[in-house]
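Source file: run.txt. Holds: compact mmCIF, C-alpha atoms.
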```txt
# COMPACT_ATOMS: atom_id res chain seq x y z
CA MET A 5 -55.10 -37.88 17.49
CA ASN A 6 -53.86 -40.49 19.86
CA LEU A 7 -50.65 -39.59 21.52
CA PRO A 8 -47.98 -42.08 22.31
CA GLY A 9 -48.12 -42.55 26.01
CA ARG A 10 -50.08 -39.90 27.81
CA SER A 11 -52.48 -37.14 27.02
CA ASP A 12 -51.52 -33.59 26.25
CA GLY A 13 -52.40 -32.13 29.60
CA GLU A 14 -49.99 -34.19 31.62
CA SER A 15 -47.73 -32.71 34.21
CA VAL A 16 -44.02 -33.07 34.48
CA GLU A 17 -44.48 -34.96 37.70
CA ALA A 18 -46.26 -37.69 35.78
CA VAL A 19 -43.51 -37.69 33.19
CA ALA A 20 -40.84 -38.15 35.81
CA ALA A 21 -42.52 -41.36 36.95
CA GLU A 22 -42.03 -43.06 33.58
CA PRO A 23 -40.23 -46.40 33.09
CA PRO A 24 -36.52 -46.55 33.84
CA GLU A 25 -35.26 -46.59 30.25
CA VAL A 26 -36.14 -42.91 30.14
CA PRO A 27 -33.74 -40.95 32.32
CA PRO A 28 -35.56 -39.18 35.12
CA LEU A 29 -36.29 -35.56 34.41
CA VAL A 30 -34.52 -34.40 37.50
CA ASP A 31 -32.40 -36.55 39.69
CA HIS A 32 -33.30 -35.03 42.99
CA ILE A 33 -36.45 -33.61 44.38
CA ASP A 34 -34.43 -30.76 45.84
CA GLU A 35 -33.15 -29.88 42.44
CA ARG A 36 -36.65 -29.87 41.06
CA ILE A 37 -37.86 -27.56 43.76
CA ASP A 38 -34.90 -25.31 43.04
CA THR A 39 -35.80 -25.23 39.37
CA ARG A 40 -39.37 -24.34 40.18
CA ALA A 41 -38.39 -21.58 42.58
CA ARG A 42 -35.89 -20.15 40.15
CA THR A 43 -38.46 -20.30 37.35
CA ARG A 44 -41.00 -18.38 39.39
CA GLU A 45 -38.41 -15.81 40.34
CA LEU A 46 -37.35 -15.32 36.75
CA PHE A 47 -40.89 -14.91 35.51
CA GLN A 48 -41.53 -12.35 38.22
CA ARG A 49 -38.52 -10.35 37.09
CA LEU A 50 -39.52 -10.73 33.45
CA ASP A 51 -42.92 -9.31 34.26
CA GLN A 52 -41.54 -6.13 35.76
CA MET A 53 -38.80 -5.55 33.25
CA PRO A 54 -38.85 -3.18 30.31
CA GLU A 55 -38.09 -4.75 26.95
CA GLY A 56 -34.41 -4.93 26.24
CA ARG A 57 -31.19 -6.83 26.58
CA GLU A 58 -31.72 -7.78 30.19
CA GLN A 59 -35.15 -9.21 29.46
CA GLU A 60 -33.57 -11.23 26.70
CA GLN A 61 -31.07 -12.67 29.18
CA VAL A 62 -33.80 -13.72 31.62
CA ARG A 63 -35.73 -15.28 28.80
CA ASN A 64 -32.64 -17.22 27.75
CA GLU A 65 -32.06 -18.47 31.25
CA LEU A 66 -35.65 -19.69 31.43
CA VAL A 67 -35.19 -21.57 28.17
CA GLN A 68 -31.88 -23.06 29.33
CA LEU A 69 -33.42 -24.09 32.62
CA HIS A 70 -36.10 -26.15 30.88
CA LEU A 71 -34.08 -27.73 28.11
CA PRO A 72 -34.00 -31.00 30.08
CA LEU A 73 -37.81 -31.04 29.87
CA VAL A 74 -37.65 -30.72 26.07
CA ASP A 75 -35.00 -33.39 25.90
CA HIS A 76 -37.10 -35.69 28.02
CA LEU A 77 -40.23 -35.19 25.94
CA ALA A 78 -38.32 -35.56 22.66
CA ARG A 79 -36.91 -38.88 23.81
CA ARG A 80 -40.37 -40.36 23.83
CA PHE A 81 -40.41 -40.02 20.06
CA ARG A 82 -37.14 -41.80 19.53
CA ASN A 83 -37.14 -44.66 17.04
CA ARG A 84 -39.73 -43.02 14.89
CA GLY A 85 -37.31 -42.29 12.14
CA GLU A 86 -36.33 -38.74 13.01
CA PRO A 87 -33.01 -37.76 14.62
CA LEU A 88 -33.36 -36.91 18.29
CA ASP A 89 -31.46 -33.66 17.76
CA ASP A 90 -34.09 -32.44 15.31
CA LEU A 91 -36.85 -33.33 17.73
CA VAL A 92 -35.11 -31.46 20.54
CA GLN A 93 -34.76 -28.50 18.22
CA VAL A 94 -38.44 -28.31 17.30
CA GLY A 95 -39.37 -29.03 20.92
CA THR A 96 -37.25 -26.05 21.93
CA ILE A 97 -39.33 -23.84 19.65
CA GLY A 98 -42.33 -24.97 21.69
CA LEU A 99 -40.46 -24.14 24.86
CA ILE A 100 -39.62 -20.63 23.65
CA LYS A 101 -43.26 -20.04 22.70
CA SER A 102 -44.27 -21.19 26.16
CA VAL A 103 -41.81 -18.84 27.86
CA ASP A 104 -43.21 -15.93 25.83
CA ARG A 105 -46.83 -16.77 26.60
CA PHE A 106 -46.63 -17.90 30.22
CA ARG A 107 -47.96 -15.64 32.97
CA LEU A 108 -47.45 -16.39 36.65
CA ASP A 109 -51.08 -15.58 37.37
CA ARG A 110 -52.12 -18.66 35.40
CA GLY A 111 -51.64 -20.51 38.67
CA VAL A 112 -49.88 -23.55 37.21
CA GLU A 113 -46.26 -24.57 37.17
CA PHE A 114 -44.46 -23.42 34.06
CA SER A 115 -43.42 -26.99 33.22
CA THR A 116 -47.07 -28.12 33.31
CA TYR A 117 -47.96 -25.24 31.04
CA ALA A 118 -45.09 -25.85 28.62
CA THR A 119 -45.41 -29.63 28.23
CA PRO A 120 -48.39 -29.67 25.82
CA THR A 121 -46.87 -26.90 23.72
CA VAL A 122 -43.55 -28.72 23.42
CA LEU A 123 -45.30 -32.00 22.59
CA GLY A 124 -47.49 -30.14 20.12
CA GLU A 125 -44.46 -28.81 18.24
CA ILE A 126 -42.84 -32.23 18.08
CA LYS A 127 -46.00 -33.88 16.82
CA ARG A 128 -46.59 -31.15 14.30
CA TYR A 129 -43.08 -31.74 13.04
CA PHE A 130 -43.91 -35.40 12.45
CA ARG A 131 -47.14 -34.51 10.70
CA ASP A 132 -45.50 -31.93 8.48
CA LYS A 133 -42.60 -34.21 7.79
CA GLY A 134 -44.89 -37.07 6.84
CA TRP A 135 -46.54 -34.88 4.29
CA ALA A 136 -43.71 -32.60 3.35
CA VAL A 137 -42.11 -35.26 1.18
CA ARG A 138 -44.47 -34.54 -1.70
CA VAL A 139 -48.00 -34.02 -0.52
CA PRO A 140 -49.37 -30.51 -0.94
CA ARG A 141 -52.18 -29.19 1.25
CA ARG A 142 -54.77 -29.69 -1.48
CA LEU A 143 -54.03 -33.43 -1.34
CA GLN A 144 -54.03 -33.55 2.42
CA GLU A 145 -57.56 -32.18 2.34
CA LEU A 146 -58.51 -34.56 -0.43
CA ARG A 147 -57.19 -37.47 1.59
CA LEU A 148 -59.44 -36.53 4.48
CA SER A 149 -62.54 -36.18 2.32
CA LEU A 150 -61.63 -39.44 0.59
CA ALA A 151 -61.56 -41.26 3.89
CA THR A 152 -64.99 -39.89 4.80
CA ALA A 153 -66.52 -40.58 1.39
CA THR A 154 -65.08 -44.11 1.34
CA ALA A 155 -66.62 -44.88 4.73
CA GLU A 156 -70.00 -43.43 3.72
CA LEU A 157 -70.13 -45.20 0.36
CA THR A 158 -69.02 -48.51 1.85
CA GLN A 159 -71.90 -48.20 4.29
CA GLU A 160 -74.39 -47.32 1.57
CA LEU A 161 -73.27 -49.87 -1.02
CA GLY A 162 -72.32 -52.73 1.25
CA ARG A 163 -68.96 -52.95 -0.54
CA ALA A 164 -65.95 -50.75 -1.22
CA PRO A 165 -66.62 -47.95 -3.70
CA THR A 166 -64.96 -47.65 -7.10
CA ILE A 167 -62.86 -44.69 -8.16
CA SER A 168 -65.67 -43.33 -10.33
CA GLU A 169 -68.16 -43.57 -7.47
CA LEU A 170 -65.77 -41.64 -5.23
CA ALA A 171 -65.22 -39.04 -7.96
CA ASP A 172 -69.00 -38.61 -8.32
CA ARG A 173 -69.50 -38.22 -4.61
CA LEU A 174 -66.70 -35.70 -4.13
CA LYS A 175 -67.38 -33.93 -7.45
CA VAL A 176 -63.77 -34.15 -8.57
CA ASN A 177 -62.33 -36.11 -11.48
CA GLU A 178 -60.97 -39.65 -11.28
CA GLU A 179 -57.38 -38.49 -11.65
CA ASP A 180 -57.75 -36.52 -8.45
CA ILE A 181 -59.09 -39.55 -6.61
CA LEU A 182 -56.15 -41.66 -7.76
CA GLU A 183 -53.75 -38.94 -6.76
CA GLY A 184 -55.43 -38.72 -3.37
CA LEU A 185 -55.10 -42.47 -2.83
CA GLU A 186 -51.48 -42.29 -3.82
CA SER A 187 -50.86 -39.61 -1.23
CA ALA A 188 -52.72 -41.63 1.38
CA ASN A 189 -50.26 -44.43 0.76
CA ALA A 190 -47.33 -42.07 0.99
CA TYR A 191 -48.51 -40.81 4.33
CA SER A 192 -45.98 -42.34 6.62
CA THR A 193 -46.73 -41.08 10.11
CA LEU A 194 -49.18 -43.88 10.74
CA SER A 195 -47.48 -44.96 13.93
CA LEU A 196 -48.35 -41.68 15.59
CA ASP A 197 -52.05 -42.26 14.98
CA ALA A 198 -52.07 -45.94 15.76
CA PRO A 199 -53.33 -46.81 19.20
CA ASP A 200 -50.91 -48.56 21.48
CA ILE A 201 -51.20 -52.28 21.82
CA GLY A 202 -52.08 -51.75 25.45
CA GLU A 203 -55.34 -50.10 24.44
CA THR A 204 -56.73 -53.26 22.93
CA ASP A 205 -59.11 -55.17 25.08
CA GLY A 206 -57.01 -58.05 26.37
CA GLN A 207 -59.68 -60.72 26.32
CA SER A 208 -61.00 -60.14 22.82
CA MET A 209 -57.49 -59.90 21.44
CA ALA A 210 -56.54 -63.19 23.07
CA ASP A 211 -59.66 -64.74 21.55
CA SER A 212 -58.92 -63.54 18.06
CA LEU A 213 -55.28 -64.60 18.30
CA GLY A 214 -56.36 -68.11 19.25
CA MET A 215 -58.53 -68.22 16.16
CA ASP A 216 -55.64 -66.88 14.12
CA ASP A 217 -53.51 -69.81 15.18
CA GLU A 218 -56.26 -72.20 14.10
CA ALA A 219 -56.34 -70.54 10.72
CA LEU A 220 -52.66 -71.36 10.33
CA GLU A 221 -53.21 -75.08 10.93
CA GLY A 222 -52.34 -77.11 7.88
CA VAL A 223 -50.16 -74.42 6.37
CA ASP A 224 -46.92 -75.99 5.13
CA TYR A 225 -44.62 -73.14 6.06
CA ARG A 226 -46.31 -72.65 9.39
CA GLU A 227 -43.12 -73.33 11.31
CA SER A 228 -41.00 -70.85 9.36
CA LEU A 229 -43.69 -68.21 9.53
CA LYS A 230 -44.55 -68.57 13.18
CA PRO A 231 -41.51 -66.86 14.70
CA LEU A 232 -41.92 -63.98 12.26
CA LEU A 233 -45.60 -63.61 13.04
CA ALA A 234 -44.78 -63.68 16.71
CA GLN A 235 -42.68 -60.55 16.28
CA LEU A 236 -45.53 -58.59 14.74
CA ASP A 237 -47.70 -56.13 16.54
CA PRO A 238 -50.77 -58.20 17.58
CA ARG A 239 -53.20 -56.02 15.70
CA ALA A 240 -51.11 -56.12 12.52
CA LYS A 241 -50.89 -59.90 12.83
CA HIS A 242 -54.62 -60.19 13.33
CA ILE A 243 -55.34 -58.06 10.26
CA LEU A 244 -52.86 -60.10 8.25
CA MET A 245 -54.57 -63.34 9.24
CA LEU A 246 -58.01 -61.98 8.41
CA ARG A 247 -56.89 -60.95 4.94
CA PHE A 248 -54.66 -63.82 3.88
CA PHE A 249 -55.94 -66.82 5.76
CA ARG A 250 -59.59 -66.06 6.22
CA GLY A 251 -60.11 -64.28 2.94
CA MET A 252 -61.84 -61.20 4.29
CA THR A 253 -61.71 -58.06 2.13
CA GLN A 254 -60.03 -54.89 3.35
CA SER A 255 -63.41 -53.23 3.82
CA GLN A 256 -64.71 -56.14 5.88
CA ILE A 257 -61.58 -56.04 8.03
CA ALA A 258 -61.95 -52.28 8.42
CA ALA A 259 -65.48 -52.76 9.72
CA GLU A 260 -64.46 -55.57 12.06
CA VAL A 261 -61.39 -53.88 13.51
CA GLY A 262 -62.96 -50.42 13.54
CA ILE A 263 -60.42 -48.50 11.43
CA SER A 264 -60.60 -47.12 7.89
CA GLN A 265 -60.02 -49.24 4.81
CA MET A 266 -57.03 -47.06 3.91
CA HIS A 267 -55.58 -47.74 7.32
CA VAL A 268 -56.05 -51.50 6.81
CA SER A 269 -54.33 -51.19 3.46
CA ARG A 270 -51.34 -49.39 4.96
CA ILE A 271 -51.03 -51.87 7.82
CA LEU A 272 -51.12 -54.80 5.39
CA SER A 273 -48.50 -53.30 3.06
CA ARG A 274 -46.23 -52.44 5.92
CA THR A 275 -46.62 -55.83 7.57
CA LEU A 276 -45.90 -57.68 4.34
CA ALA A 277 -42.76 -55.62 3.88
CA GLN A 278 -41.73 -56.44 7.44
CA LEU A 279 -42.29 -60.16 6.89
CA ARG A 280 -40.43 -60.05 3.60
CA SER A 281 -37.33 -58.61 5.17
CA GLY A 282 -37.61 -61.23 7.91
CA LEU A 283 -38.01 -64.09 5.45
CA LEU A 284 -35.03 -62.88 3.43
CA ASP A 285 -32.83 -62.96 6.49
CA HIS A 286 -33.54 -66.64 6.95
CA MET B 11 -64.65 -51.50 -23.59
CA SER B 12 -65.40 -53.44 -26.72
CA HIS B 13 -61.99 -55.06 -27.16
CA ASP B 14 -59.07 -55.85 -24.89
CA HIS B 15 -56.56 -53.15 -24.24
CA HIS B 16 -52.89 -53.62 -23.61
CA VAL B 17 -50.55 -51.46 -21.56
CA THR B 18 -46.84 -52.14 -21.20
CA LEU B 19 -44.32 -50.64 -18.85
CA THR B 20 -40.60 -51.31 -18.51
CA ILE B 21 -38.82 -50.22 -15.36
CA PRO B 22 -35.31 -50.84 -14.01
CA ALA B 23 -35.17 -53.93 -11.79
CA ASP B 24 -34.69 -51.75 -8.75
CA GLY B 25 -36.99 -51.29 -5.77
CA ALA B 26 -36.84 -47.52 -6.20
CA TYR B 27 -38.98 -47.79 -9.35
CA LEU B 28 -41.71 -49.99 -7.90
CA SER B 29 -43.86 -47.00 -7.01
CA ILE B 30 -44.27 -46.33 -10.75
CA LEU B 31 -45.56 -49.85 -11.26
CA ARG B 32 -47.90 -49.54 -8.28
CA THR B 33 -49.28 -46.26 -9.57
CA ALA B 34 -49.77 -47.68 -13.06
CA THR B 35 -51.53 -50.69 -11.56
CA ALA B 36 -53.95 -48.49 -9.63
CA GLY B 37 -54.60 -46.39 -12.72
CA VAL B 38 -55.36 -49.37 -14.94
CA ALA B 39 -57.49 -51.06 -12.27
CA ALA B 40 -59.48 -47.84 -11.86
CA ARG B 41 -60.28 -47.85 -15.60
CA LEU B 42 -61.82 -51.28 -15.10
CA ASP B 43 -63.95 -49.96 -12.28
CA PHE B 44 -62.37 -52.12 -9.63
CA THR B 45 -63.38 -51.18 -6.10
CA LEU B 46 -60.87 -49.72 -3.66
CA ASP B 47 -60.46 -53.19 -2.18
CA GLY B 48 -59.52 -54.57 -5.58
CA ILE B 49 -57.19 -51.70 -6.39
CA GLU B 50 -55.31 -51.90 -3.10
CA ASP B 51 -55.09 -55.68 -3.37
CA LEU B 52 -53.59 -55.43 -6.84
CA ARG B 53 -51.15 -52.79 -5.72
CA MET B 54 -50.00 -55.10 -2.93
CA ALA B 55 -49.87 -58.07 -5.29
CA VAL B 56 -47.50 -56.36 -7.74
CA ASP B 57 -45.36 -55.38 -4.79
CA GLU B 58 -45.23 -58.96 -3.62
CA ALA B 59 -44.55 -60.27 -7.14
CA CYS B 60 -41.66 -57.85 -7.56
CA ALA B 61 -40.33 -58.79 -4.15
CA LEU B 62 -40.08 -62.34 -5.48
CA LEU B 63 -38.51 -61.31 -8.78
CA LEU B 64 -36.08 -58.56 -7.79
CA PRO B 65 -33.68 -60.73 -5.75
CA GLN B 66 -33.14 -63.02 -8.73
CA SER B 67 -32.95 -60.27 -11.37
CA LYS B 68 -29.71 -59.70 -13.25
CA ALA B 69 -27.86 -56.56 -12.28
CA GLU B 70 -28.82 -53.55 -14.39
CA SER B 71 -31.67 -55.46 -16.01
CA ASN B 72 -35.27 -54.39 -16.42
CA LEU B 73 -38.64 -55.59 -15.25
CA HIS B 74 -41.10 -55.88 -18.12
CA CYS B 75 -44.65 -55.37 -17.02
CA SER B 76 -47.73 -55.82 -19.13
CA PHE B 77 -51.35 -55.13 -18.32
CA ASP B 78 -54.05 -56.93 -20.24
CA VAL B 79 -57.25 -55.08 -19.72
CA GLY B 80 -60.20 -57.34 -20.40
CA GLU B 81 -63.83 -56.44 -20.02
CA ARG B 82 -64.13 -57.88 -16.56
CA SER B 83 -60.59 -58.81 -15.59
CA LEU B 84 -57.08 -57.48 -15.44
CA THR B 85 -53.98 -59.58 -16.00
CA ILE B 86 -50.63 -58.21 -14.97
CA ALA B 87 -47.48 -60.03 -16.04
CA VAL B 88 -44.11 -59.10 -14.64
CA THR B 89 -41.03 -60.60 -16.27
CA ALA B 90 -37.49 -60.46 -14.97
CA GLU B 91 -34.22 -61.55 -16.51
CA SER B 92 -32.24 -63.83 -14.26
CA THR B 93 -29.00 -65.77 -14.33
CA ALA B 94 -30.61 -68.52 -12.27
CA PRO B 95 -34.33 -68.20 -12.98
CA LYS B 96 -36.58 -70.13 -10.67
CA PRO B 97 -40.32 -69.91 -10.15
CA PRO B 98 -41.43 -69.14 -6.59
CA ARG B 99 -42.39 -72.00 -4.29
CA ARG B 100 -46.10 -72.65 -4.38
CA ASP B 101 -46.15 -73.71 -0.76
CA GLY B 102 -44.57 -70.49 0.52
CA PHE B 103 -46.09 -67.51 2.26
CA ALA B 104 -45.55 -65.17 -0.71
CA TRP B 105 -47.60 -67.50 -2.89
CA THR B 106 -50.39 -67.57 -0.33
CA VAL B 107 -50.38 -63.79 -0.30
CA LEU B 108 -50.51 -63.62 -4.10
CA THR B 109 -53.38 -66.09 -4.35
CA ALA B 110 -55.33 -64.24 -1.66
CA LEU B 111 -54.89 -60.94 -3.48
CA THR B 112 -55.79 -62.14 -6.97
CA SER B 113 -58.13 -64.57 -8.72
CA ASP B 114 -55.32 -66.47 -10.40
CA VAL B 115 -51.53 -66.62 -10.13
CA ASP B 116 -49.18 -68.34 -12.49
CA ALA B 117 -45.41 -68.52 -12.71
CA HIS B 118 -43.24 -69.78 -15.50
CA VAL B 119 -39.63 -69.84 -16.57
CA ASP B 120 -38.56 -69.49 -20.20
CA GLY B 121 -34.79 -69.56 -20.73
CA SER B 122 -33.37 -66.81 -18.56
CA TRP B 123 -36.77 -65.15 -18.16
CA VAL B 124 -39.06 -65.69 -15.23
CA THR B 125 -42.61 -64.40 -15.36
CA LEU B 126 -45.28 -63.98 -12.72
CA ARG B 127 -48.77 -63.53 -14.05
CA LEU B 128 -51.53 -62.19 -11.82
CA THR B 129 -55.16 -62.07 -12.85
CA ARG B 130 -57.94 -60.43 -10.96
CA GLU B 131 -61.58 -60.56 -11.94
CA ARG B 132 -63.59 -57.44 -11.35
CA GLU B 133 -65.99 -57.80 -8.45
CA GLY B 134 -69.40 -58.77 -9.69
CA PHE B 135 -71.77 -55.99 -8.68
CA GLU B 136 -74.44 -54.01 -10.44
CA HIS B 137 -73.91 -50.30 -10.89
CA PRO B 138 -76.52 -48.34 -9.02
```
For the file at hand, write its structure as structure tokens.
Amino acid sequence: MNLPGRSDGESVEAVAAEPPEVPPLVDHIDERIDTRARTRELFQRLDQMPEGREQEQVRNELVQLHLPLVDHLARRFRNRGEPLDDLVQVGTIGLIKSVDRFRLDRGVEFSTYATPTVLGEIKRYFRDKGWAVRVPRRLQELRLSLATATAELTQELGRAPTISELADRLKVNEEDILEGLESANAYSTLSLDAPDIGETDGQSMADSLGMDDEALEGVDYRESLKPLLAQLDPRAKHILMLRFFRGMTQSQIAAEVGISQMHVSRILSRTLAQLRSGLLDH
Amino acid sequence: MSHDHHVTLTIPADGAYLSILRTATAGVAARLDFTLDGIEDLRMAVDEACALLLPQSKAESNLHCSFDVGERSLTIAVTAESTAPKPPRRDGFAWTVLTALTSDVDAHVDGSWVTLRLTREREGFEHP
């Protein structure tokens, strides 16, 4: 899965160098060094302590000491439709797990060790949340096999498969396939999987956008549509143009853009909804 | 299928019920052996059609949806009751979307009723 921003194994130092809209993890280098020293000291004590109330206190202090890290990491997932408080809460679970598992002899800073675990908890929360609405595990698995079977059959047949062809291939009945497609549409955590715009090759994207503008020539409502299109994510806009102005099918677009047909379908639905709300405002 | 089948569905003119119409659309299209492309296109088309009809629907009214299942094509008609019924502009973006997603689109107004009719032919391919 693609992560927003950086990879799992990043260090806190890298995090602290992020753009200014994210508050710096620690304001002063001195303070950071203090935190590190204190962390090491606490883990040393924890190591030598018998289980009990005192150990609990040290553990709590370690958690408290690193709450700013959780807060910082959680902030990266703002504006994804979940309250920041909830994200901090699940991130804190990751922090507690890290405190319990960390050993000084690992030879890394605790914050470096804890970051992927905290991020992992937050992302898992999004995944579970996306599905939790109404998609049981059976359907999650079906969705995955559907995606694979759709890609294989499209390759074999040179067109998108029908429901009955998918049912044959997966040896389930057609109702199950329909249910699986339904759940694929309900799956709402798309943005977490979608690559950032920055990952697109600049040149080829510029090329395709130029062609997109040509495709719009001669369209009556071009002027009213243009500002709305300009607000769209470039890839979403490109996919929209391919479908509605160049008449490509979803499967053809999937092959050209290099994502699954289901993904194309979700991007198109979402983009149309976005445009609709924009057009209504006018 | 030797003769045409007919399915009707009435839902409240409220966005919250559109998922029922989308699901029904996918189910009927699957019976006709549409491909995934066709099914997803039709699902999007009914969404778009309802997006045109809902804003002009009377409060607390219903959307009447009918599916005509032919041997090789599916026609979906969605009718709304409106105090100021007007067919959508044919030079607008929504219309472009509807025509790209279907084989034929038609709109007409009859008294206080406005209907959008979408037809999609099944893709012509031989079964393996």
Interface residues on chain B facing chain A, 8 Å, only C-alpha atoms, written as a ChimeraX atom specification: /B:33,36-37,40,43-47,50,54,61,101-103,106-107,110-111
Contacts of region 14-27 of chain B at 12 Å (all atoms listed in the file; same-chain gap of 2+ positions) as a VMD selection string: chain B and resid 11 to 12 29 to 35 37 to 39 41 to 42 56 to 92
Coordinates-based distance that separates CA of Asp75 (chain A) from CA of Arg57 (chain A) (Å, one decimal): 26.8 Å
Atom-to-atom span, CA of Ser187 (chain A) and CA of Leu150 (chain A), Å: 10.9 Å
For Leu123 (chain A): contacts at 8 Å, only C-alpha atoms, fewer than 6 positions along chain excluded, given as a PyMOL selection string: chain A and resi 12+77-78+95+98
